[in-house]
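Peer 1: Sharing a structure, written as structure tokens. Questions coming.
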Amino acid sequence: MTTLGERLARGRGWMREHPLALDGALALGVLVCMVAGSFVDRHGGPHGGPDFGGRTPDAGSVLLMLAGAAALVMRRRTPLGVLLVTGSVTLMEHVAEDPPAPVAMSAVVALYTVASRTDRPTTWRVGPLTMTVLTGAAMLFGSAPWYSQENLGVFAWTGMAAAAGDAVRSRRAVVDAIRERAERAERTREEEARRRVAEERLRIARDLHDVVAHHIALVNVQAGVAAHVMDKRPDQAKEALAHVREASRSALNELRATVGLLRQSGDPEAPTEPAPGLAVLDELLDTFRNAGLPVELARTDQGTELPAAVDLAAYRIIQEALTNVRKHAGPDARAEVSVVRVGRTVEVTVLDNGVPTEKTADSGGHGLIGMRERVTALGGALTAGPRYGDGFRVQAILPVTARTGEAT
């Protein structure tokens, strides 16, 4: 069984879909009221009161009432035209009959429609004009005194129709504005959600690239060392294979932690270990030293607690820069890493003395692009290019306060 609210909602929906039927029903109701009112003699009853059936409208009044009611069927399509027709038949009735039939009802409904369907300047022009013309006609052509209640009733009803229509139009405009703001806010939320998803995908892609490139490069180097000395120096080969195993284990752990970020909140085995940062920088440098790349470290940032995003970005930049050194700078290359706190920034620099190749140019592969994206997202700056003479230089200047508002 449907509730009363559902029936009302269904009825409103049907009326919105069939406005002409609604206007036809309204026109019929106004016609019935006008015809019923035309049989009332306002002063023919006992003690000068109204008397129903005290008079009978003539054929001309009936035709004018029919014309005024019929015009209301088109009130939504041409409100000003309907007002002109209903105002004209009302004026004709006041001129021809005394007392007139209540044809003014149709003009009142038409004036309300104009006020509710047009703008306020139009209402301010048409409303007073209609009030003046109809009230003046009632006063000039009627036998009753100009101050009679019938004449004042014409003035009051036309004024209330204009005011009510303007109030309805204003309320409709407010509701439309609220609905538009709600729809715009919903679109903005959806766009913001899509933007955040895209940023998160890009961040995870950068992390995956850094993890895979770093550890695969180490595995490749150590595997090459093991294959080279397997026959002559098996102890050194075993040590290289141990480094391969350790690098593979580290790669799997970091990949598990990174991919685990894609899990939903209710999924099992969600990652709980913290993201890598400068606190484990020594362990990162040891992996490169074990792979045969001499790395020196200079730090003046002790005691500085960086935001998580800045800490991770500094770690990944050093990791990716040293991976590029190991891959492209040649077998005799050496690297220097410095982490320096300067005011409200942290400068991370990676230098090497190798021979730069095309792959290490500023417009190179995804490694440098990923580093630049990380730094830009935090509001910092990255420079990368060949050094004077030999070698390559990567320097990132990161703010101590991340753009997310996380402070030290």
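Residue names in the structure tokens use chain letters A, B, ... in the order shown, residue numbers from 1 in each chain, and ligand numbers from 1 in the order shown.
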Just the strand (DSSP E or B) stuff from range 273-378 of chain A, please, per backbone DSSP, written as a list in words.
Peer 2: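 For range 273-378 of chain A, the strand (DSSP E or B) set is Val295, Glu296, Leu297, Ala298, Arg299, Ala335, Glu336, Val337, Ser338, Val339, Val340, Arg341, Val342, Thr345, Val346, Glu347, Val348, Thr349, Val350, Leu351 and Asp352 of chain A.
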Peer 1: Can you tell me how far CA of Ser170 in chain A sits from CA of Arg77 in chain A, in Å to one decimal?
Peer 2: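 CA of Arg77 in chain A lies at a distance of 19.6 Å from CA of Ser170 in chain A.
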Peer 1: Determine which residues of range 264-345 of chain A receive a DSSP assignment of alpha helix (DSSP H), computed from the backbone, and state them as an NGL selection string.
Peer 2: :A and (281-290 or 308-328)
Peer 1: So which one's closest to Val340 in chain A, A:Asp58, A:Asp390, A:Glu180, A:Asp301? Using only C-alpha atoms, please.
Peer 2: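 Among the listed residues, A:Asp301 lies closest to Val340 in chain A.
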Peer 1: Using CA of Gly68 in chain A and CA of Thr86 in chain A as the two end points, give the distance in Å to one decimal.
Peer 2: 4.9 Å
Peer 1: Quick one: residues within 10 Å of Phe392 in chain A, only C-alpha atoms counted, chain neighbours fewer than 2 positions away excluded, as a ChimeraX atom specification?
Peer 2: /A:321,324-325,329,335,350-357,360-361,384-390,394
Peer 1: Put those residues in a file: N, CA and C atoms, as a short mmCIF file (atom, residue, chain, number, x, y, z; two decimals), in the first residue's frame.
Peer 2:
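Saved to selection_21.cif:
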data_model
loop_
_atom_site.label_atom_id
_atom_site.label_comp_id
_atom_site.auth_asym_id
_atom_site.auth_seq_id
_atom_site.Cartn_x
_atom_site.Cartn_y
_atom_site.Cartn_z
N ALA A 321 69.03 8.27 -7.74
CA ALA A 321 70.25 8.88 -8.26
C ALA A 321 71.42 7.91 -8.18
N ASN A 324 71.13 5.26 -10.86
CA ASN A 324 71.60 5.76 -12.15
C ASN A 324 73.12 5.78 -12.22
N VAL A 325 73.76 6.15 -11.09
CA VAL A 325 75.22 6.13 -11.07
C VAL A 325 75.73 4.72 -11.30
N ALA A 329 77.34 5.28 -14.87
CA ALA A 329 78.54 6.08 -14.67
C ALA A 329 79.83 5.30 -14.88
N ALA A 335 80.64 7.90 -5.69
CA ALA A 335 79.50 8.79 -5.45
C ALA A 335 79.64 9.46 -4.09
N VAL A 350 73.51 14.45 -4.77
CA VAL A 350 74.22 13.22 -5.13
C VAL A 350 75.16 13.56 -6.28
N LEU A 351 76.47 13.34 -6.05
CA LEU A 351 77.50 13.62 -7.05
C LEU A 351 78.20 12.32 -7.42
N ASP A 352 78.70 12.26 -8.64
CA ASP A 352 79.55 11.13 -9.04
C ASP A 352 80.61 11.65 -9.99
N ASN A 353 81.66 10.86 -10.18
CA ASN A 353 82.76 11.26 -11.05
C ASN A 353 82.82 10.42 -12.30
N GLY A 354 81.72 9.74 -12.64
CA GLY A 354 81.70 8.91 -13.83
C GLY A 354 81.53 9.73 -15.09
N VAL A 355 81.43 9.02 -16.20
CA VAL A 355 81.25 9.66 -17.50
C VAL A 355 79.76 9.62 -17.83
N PRO A 356 79.10 10.76 -17.89
CA PRO A 356 77.66 10.75 -18.15
C PRO A 356 77.34 10.28 -19.56
N THR A 357 76.24 9.58 -19.71
CA THR A 357 75.77 9.13 -21.01
C THR A 357 74.45 9.82 -21.33
N THR A 360 71.55 9.71 -18.86
CA THR A 360 71.57 10.51 -17.64
C THR A 360 71.30 11.98 -17.92
N ALA A 361 70.91 12.32 -19.12
CA ALA A 361 70.61 13.71 -19.44
C ALA A 361 69.32 14.13 -18.76
N ALA A 384 69.33 18.66 -12.26
CA ALA A 384 70.09 17.46 -12.61
C ALA A 384 70.80 17.70 -13.93
N GLY A 385 72.10 17.41 -13.96
CA GLY A 385 72.85 17.60 -15.18
C GLY A 385 74.31 17.26 -14.98
N PRO A 386 75.09 17.24 -16.07
CA PRO A 386 76.52 16.92 -15.99
C PRO A 386 77.29 17.96 -15.17
N ARG A 387 78.31 17.50 -14.48
CA ARG A 387 79.19 18.40 -13.75
C ARG A 387 80.28 18.92 -14.68
N TYR A 388 80.95 19.98 -14.24
CA TYR A 388 82.08 20.49 -15.04
C TYR A 388 83.20 19.44 -15.01
N GLY A 389 83.62 19.02 -16.15
CA GLY A 389 84.61 17.95 -16.24
C GLY A 389 83.90 16.62 -16.44
N ASP A 390 83.98 15.77 -15.45
CA ASP A 390 83.33 14.47 -15.52
C ASP A 390 82.32 14.34 -14.39
N VAL A 394 72.94 15.63 -9.09
CA VAL A 394 71.51 15.72 -8.84
C VAL A 394 71.32 16.43 -7.50
#
Peer 1: As an MDAnalysis selection string, please: the residues near range 145-160 of chain A (cut-off 12 Å, only C-alpha atoms, same-chain neighbours under 6 positions excluded).
Peer 2: chainID A and resid 42:43 83 87 90:91 94 98:115 123:124 126:139 166:167
Peer 1: Write out as a ChimeraX atom specification which residues come within 10 Å of Leu378 in chain A when counting only C-alpha atoms, dropping same-chain ones fewer than 3 positions away.
Peer 2: /A:309-310,313,373-375,381,397-404
Peer 1: Can you tell me how far CA of Val346 in chain A sits from CA of Gly303 in chain A, in Å to one decimal?
Peer 2: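 Between CA of Val346 in chain A and CA of Gly303 in chain A the gap works out to 12.5 Å.
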Peer 1: Between A:Gly13, A:Leu285, A:Leu297, A:Ser116, which one has atoms that come closest to Ala164 in chain A, using only C-alpha atoms?
Peer 2: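 Under the stated criterion, the closest residue is A:Ser116.
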